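The data block below is my_file_15.cif; it holds mmCIF, N, CA and C atoms.
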```cif
data_run
loop_
_atom_site.group_PDB
_atom_site.id
_atom_site.type_symbol
_atom_site.label_atom_id
_atom_site.label_comp_id
_atom_site.auth_asym_id
_atom_site.auth_seq_id
_atom_site.Cartn_x
_atom_site.Cartn_y
_atom_site.Cartn_z
ATOM 1 N N MET A 231 -1.798 3.126 -89.790
ATOM 2 C CA MET A 231 -0.856 3.585 -88.790
ATOM 3 C C MET A 231 -0.671 5.087 -88.908
ATOM 4 N N LEU A 232 -0.345 5.697 -87.800
ATOM 5 C CA LEU A 232 -0.163 7.140 -87.758
ATOM 6 C C LEU A 232 1.309 7.464 -87.539
ATOM 7 N N TYR A 233 1.955 7.982 -88.559
ATOM 8 C CA TYR A 233 3.378 8.326 -88.483
ATOM 9 C C TYR A 233 3.501 9.816 -88.196
ATOM 10 N N ALA A 234 3.219 10.196 -86.956
ATOM 11 C CA ALA A 234 3.155 11.612 -86.595
ATOM 12 C C ALA A 234 4.390 12.106 -85.853
ATOM 13 N N ASP A 235 5.179 11.203 -85.273
ATOM 14 C CA ASP A 235 6.386 11.600 -84.551
ATOM 15 C C ASP A 235 7.566 11.681 -85.510
ATOM 16 N N VAL A 236 8.573 12.432 -85.096
ATOM 17 C CA VAL A 236 9.780 12.590 -85.906
ATOM 18 C C VAL A 236 10.970 12.042 -85.126
ATOM 19 N N ALA A 237 11.819 11.287 -85.820
ATOM 20 C CA ALA A 237 13.071 10.785 -85.240
ATOM 21 C C ALA A 237 14.187 11.079 -86.230
ATOM 22 N N ASN A 238 15.398 11.142 -85.725
ATOM 23 C CA ASN A 238 16.572 11.305 -86.587
ATOM 24 C C ASN A 238 17.309 9.980 -86.655
ATOM 25 N N LEU A 239 17.496 9.482 -87.863
ATOM 26 C CA LEU A 239 18.334 8.312 -88.070
ATOM 27 C C LEU A 239 19.752 8.815 -88.287
ATOM 28 N N ILE A 240 20.716 8.197 -87.618
ATOM 29 C CA ILE A 240 22.091 8.682 -87.643
ATOM 30 C C ILE A 240 23.000 7.593 -88.199
ATOM 31 N N SER A 241 23.689 7.928 -89.282
ATOM 32 C CA SER A 241 24.683 7.003 -89.830
ATOM 33 C C SER A 241 26.072 7.530 -89.500
ATOM 34 N N GLN A 242 27.007 6.627 -89.359
ATOM 35 C CA GLN A 242 28.378 7.005 -89.048
ATOM 36 C C GLN A 242 29.313 6.426 -90.105
ATOM 37 N N THR A 243 30.231 7.264 -90.557
ATOM 38 C CA THR A 243 31.322 6.804 -91.397
ATOM 39 C C THR A 243 32.614 7.156 -90.681
ATOM 40 N N TYR A 244 33.631 6.356 -90.886
ATOM 41 C CA TYR A 244 34.893 6.552 -90.171
ATOM 42 C C TYR A 244 36.015 6.885 -91.152
ATOM 43 N N THR A 245 36.823 7.857 -90.761
ATOM 44 C CA THR A 245 38.030 8.202 -91.501
ATOM 45 C C THR A 245 39.206 8.150 -90.529
ATOM 46 N N VAL A 246 40.387 8.022 -91.076
ATOM 47 C CA VAL A 246 41.589 7.982 -90.251
ATOM 48 C C VAL A 246 42.260 9.342 -90.333
ATOM 49 N N ASN A 247 42.527 9.944 -89.154
ATOM 50 C CA ASN A 247 43.161 11.262 -89.144
ATOM 51 C C ASN A 247 44.678 11.134 -89.295
ATOM 52 N N SER A 248 45.370 12.253 -89.216
ATOM 53 C CA SER A 248 46.812 12.293 -89.491
ATOM 54 C C SER A 248 47.654 11.500 -88.497
ATOM 55 N N ILE A 249 47.112 11.221 -87.301
ATOM 56 C CA ILE A 249 47.881 10.439 -86.333
ATOM 57 C C ILE A 249 47.397 8.989 -86.227
ATOM 58 N N GLY A 250 46.518 8.608 -87.152
ATOM 59 C CA GLY A 250 46.089 7.220 -87.229
ATOM 60 C C GLY A 250 44.855 6.852 -86.431
ATOM 61 N N ASP A 251 44.206 7.837 -85.814
ATOM 62 C CA ASP A 251 42.980 7.554 -85.064
ATOM 63 C C ASP A 251 41.788 7.478 -86.011
ATOM 64 N N SER A 252 40.882 6.578 -85.715
ATOM 65 C CA SER A 252 39.642 6.467 -86.467
ATOM 66 C C SER A 252 38.651 7.491 -85.916
ATOM 67 N N VAL A 253 38.166 8.369 -86.789
ATOM 68 C CA VAL A 253 37.295 9.466 -86.373
ATOM 69 C C VAL A 253 35.929 9.311 -87.044
ATOM 70 N N PRO A 254 34.859 9.251 -86.241
ATOM 71 C CA PRO A 254 33.534 9.108 -86.847
ATOM 72 C C PRO A 254 32.988 10.453 -87.354
ATOM 73 N N THR A 255 32.287 10.374 -88.459
ATOM 74 C CA THR A 255 31.532 11.509 -88.979
ATOM 75 C C THR A 255 30.083 11.070 -89.049
ATOM 76 N N GLU A 256 29.188 11.872 -88.456
ATOM 77 C CA GLU A 256 27.783 11.493 -88.398
ATOM 78 C C GLU A 256 26.952 12.277 -89.401
ATOM 79 N N THR A 257 25.982 11.594 -89.961
ATOM 80 C CA THR A 257 25.009 12.204 -90.851
ATOM 81 C C THR A 257 23.627 11.871 -90.322
ATOM 82 N N GLU A 258 22.814 12.908 -90.099
ATOM 83 C CA GLU A 258 21.462 12.713 -89.573
ATOM 84 C C GLU A 258 20.432 13.041 -90.643
ATOM 85 N N ARG A 259 19.323 12.318 -90.571
ATOM 86 C CA ARG A 259 18.185 12.662 -91.430
ATOM 87 C C ARG A 259 16.898 12.349 -90.682
ATOM 88 N N GLN A 260 15.911 13.188 -90.908
ATOM 89 C CA GLN A 260 14.634 13.039 -90.204
ATOM 90 C C GLN A 260 13.711 12.088 -90.954
ATOM 91 N N VAL A 261 12.990 11.287 -90.177
ATOM 92 C CA VAL A 261 11.956 10.410 -90.724
ATOM 93 C C VAL A 261 10.736 10.485 -89.812
ATOM 94 N N TYR A 262 9.590 10.215 -90.385
ATOM 95 C CA TYR A 262 8.364 10.133 -89.592
ATOM 96 C C TYR A 262 8.190 8.708 -89.096
ATOM 97 N N VAL A 263 7.823 8.582 -87.833
ATOM 98 C CA VAL A 263 7.714 7.271 -87.206
ATOM 99 C C VAL A 263 6.434 7.170 -86.387
ATOM 100 N N GLU A 264 6.075 5.956 -86.109
ATOM 101 C CA GLU A 264 5.050 5.663 -85.107
ATOM 102 C C GLU A 264 5.779 4.999 -83.942
ATOM 103 N N VAL A 265 5.466 5.389 -82.735
ATOM 104 C CA VAL A 265 6.124 4.846 -81.548
ATOM 105 C C VAL A 265 5.211 3.799 -80.916
ATOM 106 N N LYS A 266 5.796 2.645 -80.599
ATOM 107 C CA LYS A 266 5.047 1.579 -79.929
ATOM 108 C C LYS A 266 5.828 1.121 -78.712
ATOM 109 N N SER A 267 5.089 0.753 -77.694
ATOM 110 C CA SER A 267 5.734 0.278 -76.467
ATOM 111 C C SER A 267 6.162 -1.178 -76.629
ATOM 112 N N ILE A 268 7.020 -1.593 -75.708
ATOM 113 C CA ILE A 268 7.481 -2.975 -75.651
ATOM 114 C C ILE A 268 6.877 -3.586 -74.388
ATOM 115 N N GLY A 269 6.369 -4.773 -74.497
ATOM 116 C CA GLY A 269 5.761 -5.425 -73.341
ATOM 117 C C GLY A 269 6.779 -5.712 -72.240
ATOM 118 N N LEU A 270 6.288 -5.756 -71.024
ATOM 119 C CA LEU A 270 7.141 -5.988 -69.868
ATOM 120 C C LEU A 270 7.884 -7.316 -69.975
ATOM 121 N N LYS A 271 7.217 -8.361 -70.430
ATOM 122 C CA LYS A 271 7.874 -9.667 -70.556
ATOM 123 C C LYS A 271 9.043 -9.588 -71.522
ATOM 124 N N ARG A 272 8.854 -8.917 -72.631
ATOM 125 C CA ARG A 272 9.944 -8.795 -73.613
ATOM 126 C C ARG A 272 11.106 -7.995 -73.041
ATOM 127 N N LYS A 273 10.811 -6.935 -72.285
ATOM 128 C CA LYS A 273 11.877 -6.152 -71.650
ATOM 129 C C LYS A 273 12.659 -6.997 -70.657
ATOM 130 N N ILE A 274 11.942 -7.788 -69.857
ATOM 131 C CA ILE A 274 12.597 -8.640 -68.862
ATOM 132 C C ILE A 274 13.434 -9.712 -69.552
ATOM 133 N N ASP A 275 12.881 -10.330 -70.599
ATOM 134 C CA ASP A 275 13.627 -11.353 -71.342
ATOM 135 C C ASP A 275 14.896 -10.760 -71.949
ATOM 136 N N ALA A 276 14.793 -9.565 -72.492
ATOM 137 C CA ALA A 276 15.960 -8.910 -73.089
ATOM 138 C C ALA A 276 16.993 -8.566 -72.021
ATOM 139 N N ALA A 277 16.534 -8.071 -70.886
ATOM 140 C CA ALA A 277 17.454 -7.721 -69.798
ATOM 141 C C ALA A 277 18.200 -8.947 -69.298
ATOM 142 N N ALA A 278 17.546 -10.100 -69.303
ATOM 143 C CA ALA A 278 18.191 -11.334 -68.857
ATOM 144 C C ALA A 278 19.350 -11.726 -69.764
ATOM 145 N N THR A 279 19.314 -11.279 -71.007
ATOM 146 C CA THR A 279 20.400 -11.580 -71.943
ATOM 147 C C THR A 279 21.355 -10.399 -72.100
ATOM 148 N N GLY A 280 21.164 -9.359 -71.281
ATOM 149 C CA GLY A 280 22.076 -8.216 -71.309
ATOM 150 C C GLY A 280 21.666 -7.080 -72.213
ATOM 151 N N LEU A 281 20.486 -7.165 -72.821
ATOM 152 C CA LEU A 281 20.011 -6.093 -73.696
ATOM 153 C C LEU A 281 19.118 -5.130 -72.929
ATOM 154 N N ASN A 282 19.239 -3.863 -73.240
ATOM 155 C CA ASN A 282 18.370 -2.844 -72.661
ATOM 156 C C ASN A 282 17.520 -2.284 -73.798
ATOM 157 N N ILE A 283 16.260 -2.678 -73.859
ATOM 158 C CA ILE A 283 15.382 -2.167 -74.910
ATOM 159 C C ILE A 283 14.336 -1.250 -74.294
ATOM 160 N N GLU A 284 13.979 -0.212 -75.038
ATOM 161 C CA GLU A 284 13.073 0.817 -74.523
ATOM 162 C C GLU A 284 11.704 0.782 -75.210
ATOM 163 N N PHE A 285 11.707 0.868 -76.542
ATOM 164 C CA PHE A 285 10.464 0.936 -77.311
ATOM 165 C C PHE A 285 10.768 0.626 -78.759
ATOM 166 N N LYS A 286 9.707 0.657 -79.608
ATOM 167 C CA LYS A 286 9.859 0.409 -81.040
ATOM 168 C C LYS A 286 9.494 1.665 -81.815
ATOM 169 N N LEU A 287 10.228 1.914 -82.876
ATOM 170 C CA LEU A 287 9.902 2.968 -83.833
ATOM 171 C C LEU A 287 9.548 2.285 -85.146
ATOM 172 N N ILE A 288 8.391 2.631 -85.698
ATOM 173 C CA ILE A 288 7.930 2.022 -86.939
ATOM 174 C C ILE A 288 8.071 3.039 -88.063
ATOM 175 N N LEU A 289 8.781 2.653 -89.124
ATOM 176 C CA LEU A 289 8.907 3.462 -90.329
ATOM 177 C C LEU A 289 7.961 2.886 -91.371
ATOM 178 N N SER A 290 7.353 3.722 -92.181
ATOM 179 C CA SER A 290 6.305 3.256 -93.090
ATOM 180 C C SER A 290 6.809 2.382 -94.228
ATOM 181 N N ASP A 291 8.083 2.523 -94.609
ATOM 182 C CA ASP A 291 8.575 1.782 -95.767
ATOM 183 C C ASP A 291 10.051 1.450 -95.614
ATOM 184 N N ILE A 292 10.437 0.302 -96.110
ATOM 185 C CA ILE A 292 11.828 -0.134 -96.029
ATOM 186 C C ILE A 292 12.782 0.840 -96.726
ATOM 187 N N ALA A 293 12.292 1.581 -97.710
ATOM 188 C CA ALA A 293 13.133 2.542 -98.429
ATOM 189 C C ALA A 293 13.607 3.681 -97.521
ATOM 190 N N GLU A 294 12.953 3.874 -96.378
ATOM 191 C CA GLU A 294 13.338 4.939 -95.455
ATOM 192 C C GLU A 294 14.490 4.546 -94.534
ATOM 193 N N TYR A 295 14.859 3.264 -94.522
ATOM 194 C CA TYR A 295 15.882 2.802 -93.594
ATOM 195 C C TYR A 295 17.119 2.341 -94.355
ATOM 196 N N ASN A 296 18.267 2.899 -93.985
ATOM 197 C CA ASN A 296 19.529 2.576 -94.651
ATOM 198 C C ASN A 296 20.529 1.943 -93.685
ATOM 199 N N ASP A 297 20.058 1.072 -92.841
ATOM 200 C CA ASP A 297 20.896 0.327 -91.908
ATOM 201 C C ASP A 297 21.603 1.217 -90.881
ATOM 202 N N GLU A 298 20.964 2.325 -90.494
ATOM 203 C CA GLU A 298 21.522 3.173 -89.445
ATOM 204 C C GLU A 298 21.494 2.423 -88.120
ATOM 205 N N LYS A 299 22.504 2.669 -87.291
ATOM 206 C CA LYS A 299 22.612 1.988 -86.002
ATOM 207 C C LYS A 299 22.284 2.901 -84.818
ATOM 208 N N LEU A 300 22.098 4.196 -85.080
ATOM 209 C CA LEU A 300 21.762 5.155 -84.029
ATOM 210 C C LEU A 300 20.494 5.899 -84.403
ATOM 211 N N VAL A 301 19.698 6.214 -83.371
ATOM 212 C CA VAL A 301 18.468 6.979 -83.547
ATOM 213 C C VAL A 301 18.410 8.038 -82.450
ATOM 214 N N GLU A 302 17.998 9.237 -82.820
ATOM 215 C CA GLU A 302 17.722 10.259 -81.816
ATOM 216 C C GLU A 302 16.226 10.520 -81.834
ATOM 217 N N TYR A 303 15.608 10.382 -80.653
ATOM 218 C CA TYR A 303 14.171 10.591 -80.533
ATOM 219 C C TYR A 303 13.923 11.436 -79.293
ATOM 220 N N LYS A 304 13.269 12.560 -79.493
ATOM 221 C CA LYS A 304 12.973 13.513 -78.417
ATOM 222 C C LYS A 304 14.233 13.907 -77.644
ATOM 223 N N GLY A 305 15.317 14.132 -78.383
ATOM 224 C CA GLY A 305 16.556 14.616 -77.787
ATOM 225 C C GLY A 305 17.418 13.572 -77.114
ATOM 226 N N VAL A 306 17.028 12.296 -77.191
ATOM 227 C CA VAL A 306 17.792 11.224 -76.554
ATOM 228 C C VAL A 306 18.280 10.263 -77.637
ATOM 229 N N ARG A 307 19.542 9.847 -77.518
ATOM 230 C CA ARG A 307 20.118 8.898 -78.472
ATOM 231 C C ARG A 307 19.896 7.464 -78.010
ATOM 232 N N TYR A 308 19.581 6.624 -78.996
ATOM 233 C CA TYR A 308 19.363 5.209 -78.746
ATOM 234 C C TYR A 308 20.124 4.396 -79.790
ATOM 235 N N ASN A 309 20.492 3.188 -79.420
ATOM 236 C CA ASN A 309 21.050 2.218 -80.365
ATOM 237 C C ASN A 309 19.909 1.403 -80.948
ATOM 238 N N VAL A 310 20.048 1.041 -82.199
ATOM 239 C CA VAL A 310 19.097 0.119 -82.814
ATOM 240 C C VAL A 310 19.510 -1.285 -82.394
ATOM 241 N N LYS A 311 18.651 -1.958 -81.663
ATOM 242 C CA LYS A 311 18.953 -3.289 -81.138
ATOM 243 C C LYS A 311 18.462 -4.397 -82.056
ATOM 244 N N ASN A 312 17.342 -4.138 -82.772
ATOM 245 C CA ASN A 312 16.769 -5.147 -83.652
ATOM 246 C C ASN A 312 16.008 -4.457 -84.777
ATOM 247 N N VAL A 313 16.038 -5.061 -85.950
ATOM 248 C CA VAL A 313 15.312 -4.549 -87.111
ATOM 249 C C VAL A 313 14.410 -5.662 -87.614
ATOM 250 N N PHE A 314 13.131 -5.338 -87.818
ATOM 251 C CA PHE A 314 12.182 -6.305 -88.346
ATOM 252 C C PHE A 314 11.470 -5.675 -89.528
ATOM 253 N N ILE A 315 11.448 -6.375 -90.653
ATOM 254 C CA ILE A 315 10.743 -5.899 -91.842
ATOM 255 C C ILE A 315 9.452 -6.697 -91.964
ATOM 256 N N ALA A 316 8.346 -5.986 -91.911
ATOM 257 C CA ALA A 316 7.026 -6.626 -91.949
ATOM 258 C C ALA A 316 6.627 -6.955 -93.388
ATOM 259 N N ASP A 317 5.576 -7.742 -93.528
ATOM 260 C CA ASP A 317 5.077 -8.126 -94.850
ATOM 261 C C ASP A 317 4.674 -6.925 -95.693
ATOM 262 N N ASP A 318 4.200 -5.853 -95.054
ATOM 263 C CA ASP A 318 3.783 -4.660 -95.796
ATOM 264 C C ASP A 318 4.965 -3.732 -96.103
ATOM 265 N N GLN A 319 6.200 -4.190 -95.843
ATOM 266 C CA GLN A 319 7.449 -3.469 -96.087
ATOM 267 C C GLN A 319 7.686 -2.313 -95.126
ATOM 268 N N SER A 320 6.909 -2.237 -94.037
ATOM 269 C CA SER A 320 7.234 -1.278 -92.988
ATOM 270 C C SER A 320 8.410 -1.844 -92.195
ATOM 271 N N VAL A 321 9.119 -0.969 -91.479
ATOM 272 C CA VAL A 321 10.306 -1.383 -90.730
ATOM 273 C C VAL A 321 10.087 -1.058 -89.255
ATOM 274 N N GLU A 322 10.358 -2.048 -88.409
ATOM 275 C CA GLU A 322 10.226 -1.900 -86.968
ATOM 276 C C GLU A 322 11.623 -1.902 -86.351
ATOM 277 N N LEU A 323 11.992 -0.780 -85.733
ATOM 278 C CA LEU A 323 13.292 -0.663 -85.082
ATOM 279 C C LEU A 323 13.085 -0.765 -83.576
ATOM 280 N N THR A 324 13.657 -1.771 -82.961
ATOM 281 C CA THR A 324 13.633 -1.875 -81.501
ATOM 282 C C THR A 324 14.869 -1.154 -81.015
ATOM 283 N N VAL A 325 14.676 -0.159 -80.130
ATOM 284 C CA VAL A 325 15.797 0.676 -79.703
ATOM 285 C C VAL A 325 15.971 0.638 -78.192
ATOM 286 N N GLY A 326 17.196 0.918 -77.767
ATOM 287 C CA GLY A 326 17.522 0.982 -76.352
ATOM 288 C C GLY A 326 18.711 1.890 -76.147
ATOM 289 N N LYS A 327 18.888 2.323 -74.925
ATOM 290 C CA LYS A 327 20.032 3.169 -74.625
ATOM 291 C C LYS A 327 21.289 2.328 -74.675
ATOM 292 N N TYR A 328 22.403 3.026 -74.799
ATOM 293 C CA TYR A 328 23.703 2.367 -74.933
ATOM 294 C C TYR A 328 23.820 1.327 -73.899
#
```
Would you put the structure from the file into structure tokens?
Amino acid sequence: MLYADVANLISQTYTVNSIGDSVPTETERQVYVEVKSIGLKRKIDAAATGLNIEFKLILSDIAEYNDEKLVEYKGVRYNVKNVFIADDQSVELTVGKY
């Protein structure tokens, strides 16, 4: 596999401010990924259940993923909709817009 593209994995932690509001703090880190398309049937099946999926990002090793729920790729933010860990310990993130 060719991990030539770069994506930012974004983790969020929440703190409570002085008036009791929960305030997110984001931490980003870059990882190398391979981008794969999602088949039309899978997109349609997901849309029928209310999910909007765009594509998959493949990380070379499970050690690179820390359960982040947001990804920025080419300046656009996506939610991680599904995580799949393959037998070779690579990680497949299915992402879609909010």
Expand the PyMOL selection byres (((chain A and resi 261 and name CA) around 12) and name CA) into the explicit residue set it covers here, and present it as a tab-separated table (two decimals) with N, CA and C atoms, in the coordinates of the input.
```tsv
chain	number	residue	atom	x	y	z
A	233	TYR	N	1.96	7.98	-88.56
A	233	TYR	CA	3.38	8.33	-88.48
A	233	TYR	C	3.50	9.82	-88.20
A	234	ALA	N	3.22	10.20	-86.96
A	234	ALA	CA	3.16	11.61	-86.60
A	234	ALA	C	4.39	12.11	-85.85
A	235	ASP	N	5.18	11.20	-85.27
A	235	ASP	CA	6.39	11.60	-84.55
A	235	ASP	C	7.57	11.68	-85.51
A	236	VAL	N	8.57	12.43	-85.10
A	236	VAL	CA	9.78	12.59	-85.91
A	236	VAL	C	10.97	12.04	-85.13
A	237	ALA	N	11.82	11.29	-85.82
A	237	ALA	CA	13.07	10.78	-85.24
A	237	ALA	C	14.19	11.08	-86.23
A	238	ASN	N	15.40	11.14	-85.72
A	238	ASN	CA	16.57	11.30	-86.59
A	238	ASN	C	17.31	9.98	-86.66
A	239	LEU	N	17.50	9.48	-87.86
A	239	LEU	CA	18.33	8.31	-88.07
A	239	LEU	C	19.75	8.82	-88.29
A	240	ILE	N	20.72	8.20	-87.62
A	240	ILE	CA	22.09	8.68	-87.64
A	240	ILE	C	23.00	7.59	-88.20
A	258	GLU	N	22.81	12.91	-90.10
A	258	GLU	CA	21.46	12.71	-89.57
A	258	GLU	C	20.43	13.04	-90.64
A	259	ARG	N	19.32	12.32	-90.57
A	259	ARG	CA	18.18	12.66	-91.43
A	259	ARG	C	16.90	12.35	-90.68
A	260	GLN	N	15.91	13.19	-90.91
A	260	GLN	CA	14.63	13.04	-90.20
A	260	GLN	C	13.71	12.09	-90.95
A	262	TYR	N	9.59	10.22	-90.38
A	262	TYR	CA	8.36	10.13	-89.59
A	262	TYR	C	8.19	8.71	-89.10
A	263	VAL	N	7.82	8.58	-87.83
A	263	VAL	CA	7.71	7.27	-87.21
A	263	VAL	C	6.43	7.17	-86.39
A	264	GLU	N	6.08	5.96	-86.11
A	264	GLU	CA	5.05	5.66	-85.11
A	264	GLU	C	5.78	5.00	-83.94
A	287	LEU	N	10.23	1.91	-82.88
A	287	LEU	CA	9.90	2.97	-83.83
A	287	LEU	C	9.55	2.28	-85.15
A	288	ILE	N	8.39	2.63	-85.70
A	288	ILE	CA	7.93	2.02	-86.94
A	288	ILE	C	8.07	3.04	-88.06
A	289	LEU	N	8.78	2.65	-89.12
A	289	LEU	CA	8.91	3.46	-90.33
A	289	LEU	C	7.96	2.89	-91.37
A	290	SER	N	7.35	3.72	-92.18
A	290	SER	CA	6.30	3.26	-93.09
A	290	SER	C	6.81	2.38	-94.23
A	291	ASP	N	8.08	2.52	-94.61
A	291	ASP	CA	8.57	1.78	-95.77
A	291	ASP	C	10.05	1.45	-95.61
A	292	ILE	N	10.44	0.30	-96.11
A	292	ILE	CA	11.83	-0.13	-96.03
A	292	ILE	C	12.78	0.84	-96.73
A	293	ALA	N	12.29	1.58	-97.71
A	293	ALA	CA	13.13	2.54	-98.43
A	293	ALA	C	13.61	3.68	-97.52
A	294	GLU	N	12.95	3.87	-96.38
A	294	GLU	CA	13.34	4.94	-95.46
A	294	GLU	C	14.49	4.55	-94.53
A	295	TYR	N	14.86	3.26	-94.52
A	295	TYR	CA	15.88	2.80	-93.59
A	295	TYR	C	17.12	2.34	-94.36
A	296	ASN	N	18.27	2.90	-93.98
A	296	ASN	CA	19.53	2.58	-94.65
A	296	ASN	C	20.53	1.94	-93.68
A	301	VAL	N	19.70	6.21	-83.37
A	301	VAL	CA	18.47	6.98	-83.55
A	301	VAL	C	18.41	8.04	-82.45
A	302	GLU	N	18.00	9.24	-82.82
A	302	GLU	CA	17.72	10.26	-81.82
A	302	GLU	C	16.23	10.52	-81.83
A	303	TYR	N	15.61	10.38	-80.65
A	303	TYR	CA	14.17	10.59	-80.53
A	303	TYR	C	13.92	11.44	-79.29
A	321	VAL	N	9.12	-0.97	-91.48
A	321	VAL	CA	10.31	-1.38	-90.73
A	321	VAL	C	10.09	-1.06	-89.26
```
Running DSSP on the backbone, which parts of chain A land in strand (DSSP E), as a PyMOL selection string? chain A and resi 235-246+252-267+285-289+300-303+306-315+321-326
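The residues of chain A that DSSP assigns to helix (DSSP H, G or I) on this backbone come out as Leu270, Lys271, Arg272, Lys273, Ile274, Asp275, Ala276, Ala277, Ala278, Ile292, Ala293 and Glu294 of chain A.
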Interatomic distance between atom N of Ile268 of chain A and atom CA of Phe285 of chain A? 4.6 Å
Compile the contact shell of Val253 of chain A as a list in words: residues with an atom at most 6 Å away, counting only N, CA and C atoms, same-chain residues fewer than 3 positions apart removed. Thr243, Tyr244, Thr245, Val246 and Asn247 of chain A
Just the residues within 6.5 Å of Ile283 of chain A, please, counting only N, CA and C atoms, with nothing from its chain fewer than 6 positions along; format it as an NGL selection string. :A and (273 or 276-277 or 324-327)
Using only C-alpha atoms, which of the listed residues (A:Lys299, A:Gly250, A:Thr255, A:Glu284) sits closest to Gly269 of chain A?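 Once distances to Gly269 of chain A are computed over only C-alpha atoms, the minimum belongs to A:Glu284.
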So, counting only C-alpha atoms, which residue among A:Arg272, A:Val265, A:Gly280, A:Glu256 is closest to Leu323 of chain A?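 Using only C-alpha atoms, Leu323 of chain A sits closest to A:Val265.
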Pop segment 301-307 of chain A out of the structure in the block and write all heavy atoms as a short mmCIF file (atom, residue, chain, number, x, y, z; two decimals), in the first residue's frame.
```cif
data_model
loop_
_atom_site.label_atom_id
_atom_site.label_comp_id
_atom_site.auth_asym_id
_atom_site.auth_seq_id
_atom_site.Cartn_x
_atom_site.Cartn_y
_atom_site.Cartn_z
N VAL A 301 -11.52 13.82 11.61
CA VAL A 301 -10.39 13.79 10.69
C VAL A 301 -10.48 15.02 9.79
O VAL A 301 -11.56 15.38 9.34
CB VAL A 301 -10.44 12.52 9.81
CG1 VAL A 301 -9.32 12.54 8.78
CG2 VAL A 301 -10.37 11.27 10.64
N GLU A 302 -9.34 15.64 9.55
CA GLU A 302 -9.29 16.70 8.55
C GLU A 302 -8.44 16.20 7.40
O GLU A 302 -7.29 15.77 7.59
CB GLU A 302 -8.68 17.98 9.12
CG GLU A 302 -8.72 19.12 8.15
CD GLU A 302 -8.22 20.42 8.76
OE1 GLU A 302 -8.73 20.81 9.82
OE2 GLU A 302 -7.29 21.00 8.17
N TYR A 303 -9.02 16.24 6.19
CA TYR A 303 -8.32 15.77 5.00
C TYR A 303 -8.54 16.80 3.90
O TYR A 303 -9.68 17.13 3.58
CB TYR A 303 -8.84 14.39 4.58
CG TYR A 303 -8.21 13.87 3.33
CD1 TYR A 303 -6.87 13.50 3.32
CD2 TYR A 303 -8.94 13.75 2.17
CE1 TYR A 303 -6.28 13.03 2.16
CE2 TYR A 303 -8.37 13.27 1.01
CZ TYR A 303 -7.03 12.92 1.01
OH TYR A 303 -6.44 12.45 -0.14
N LYS A 304 -7.45 17.31 3.37
CA LYS A 304 -7.48 18.33 2.32
C LYS A 304 -8.34 19.53 2.72
O LYS A 304 -9.13 20.04 1.94
CB LYS A 304 -7.93 17.74 0.99
CG LYS A 304 -6.92 16.75 0.43
CD LYS A 304 -7.21 16.38 -0.99
CE LYS A 304 -6.10 15.48 -1.49
NZ LYS A 304 -6.21 15.15 -2.88
N GLY A 305 -8.21 19.95 3.98
CA GLY A 305 -8.90 21.14 4.46
C GLY A 305 -10.35 20.96 4.82
O GLY A 305 -11.02 21.92 5.19
N VAL A 306 -10.87 19.73 4.76
CA VAL A 306 -12.27 19.48 5.08
C VAL A 306 -12.34 18.53 6.28
O VAL A 306 -11.59 17.56 6.36
CB VAL A 306 -13.01 18.84 3.88
CG1 VAL A 306 -14.46 18.55 4.23
CG2 VAL A 306 -12.92 19.74 2.66
N ARG A 307 -13.24 18.84 7.22
CA ARG A 307 -13.42 18.00 8.40
C ARG A 307 -14.47 16.92 8.14
O ARG A 307 -15.51 17.17 7.54
CB ARG A 307 -13.88 18.84 9.59
CG ARG A 307 -12.75 19.52 10.23
CD ARG A 307 -13.20 20.07 11.56
NE ARG A 307 -12.03 20.58 12.22
CZ ARG A 307 -11.90 20.69 13.51
NH1 ARG A 307 -12.91 20.37 14.29
NH2 ARG A 307 -10.80 21.16 14.04
#
```
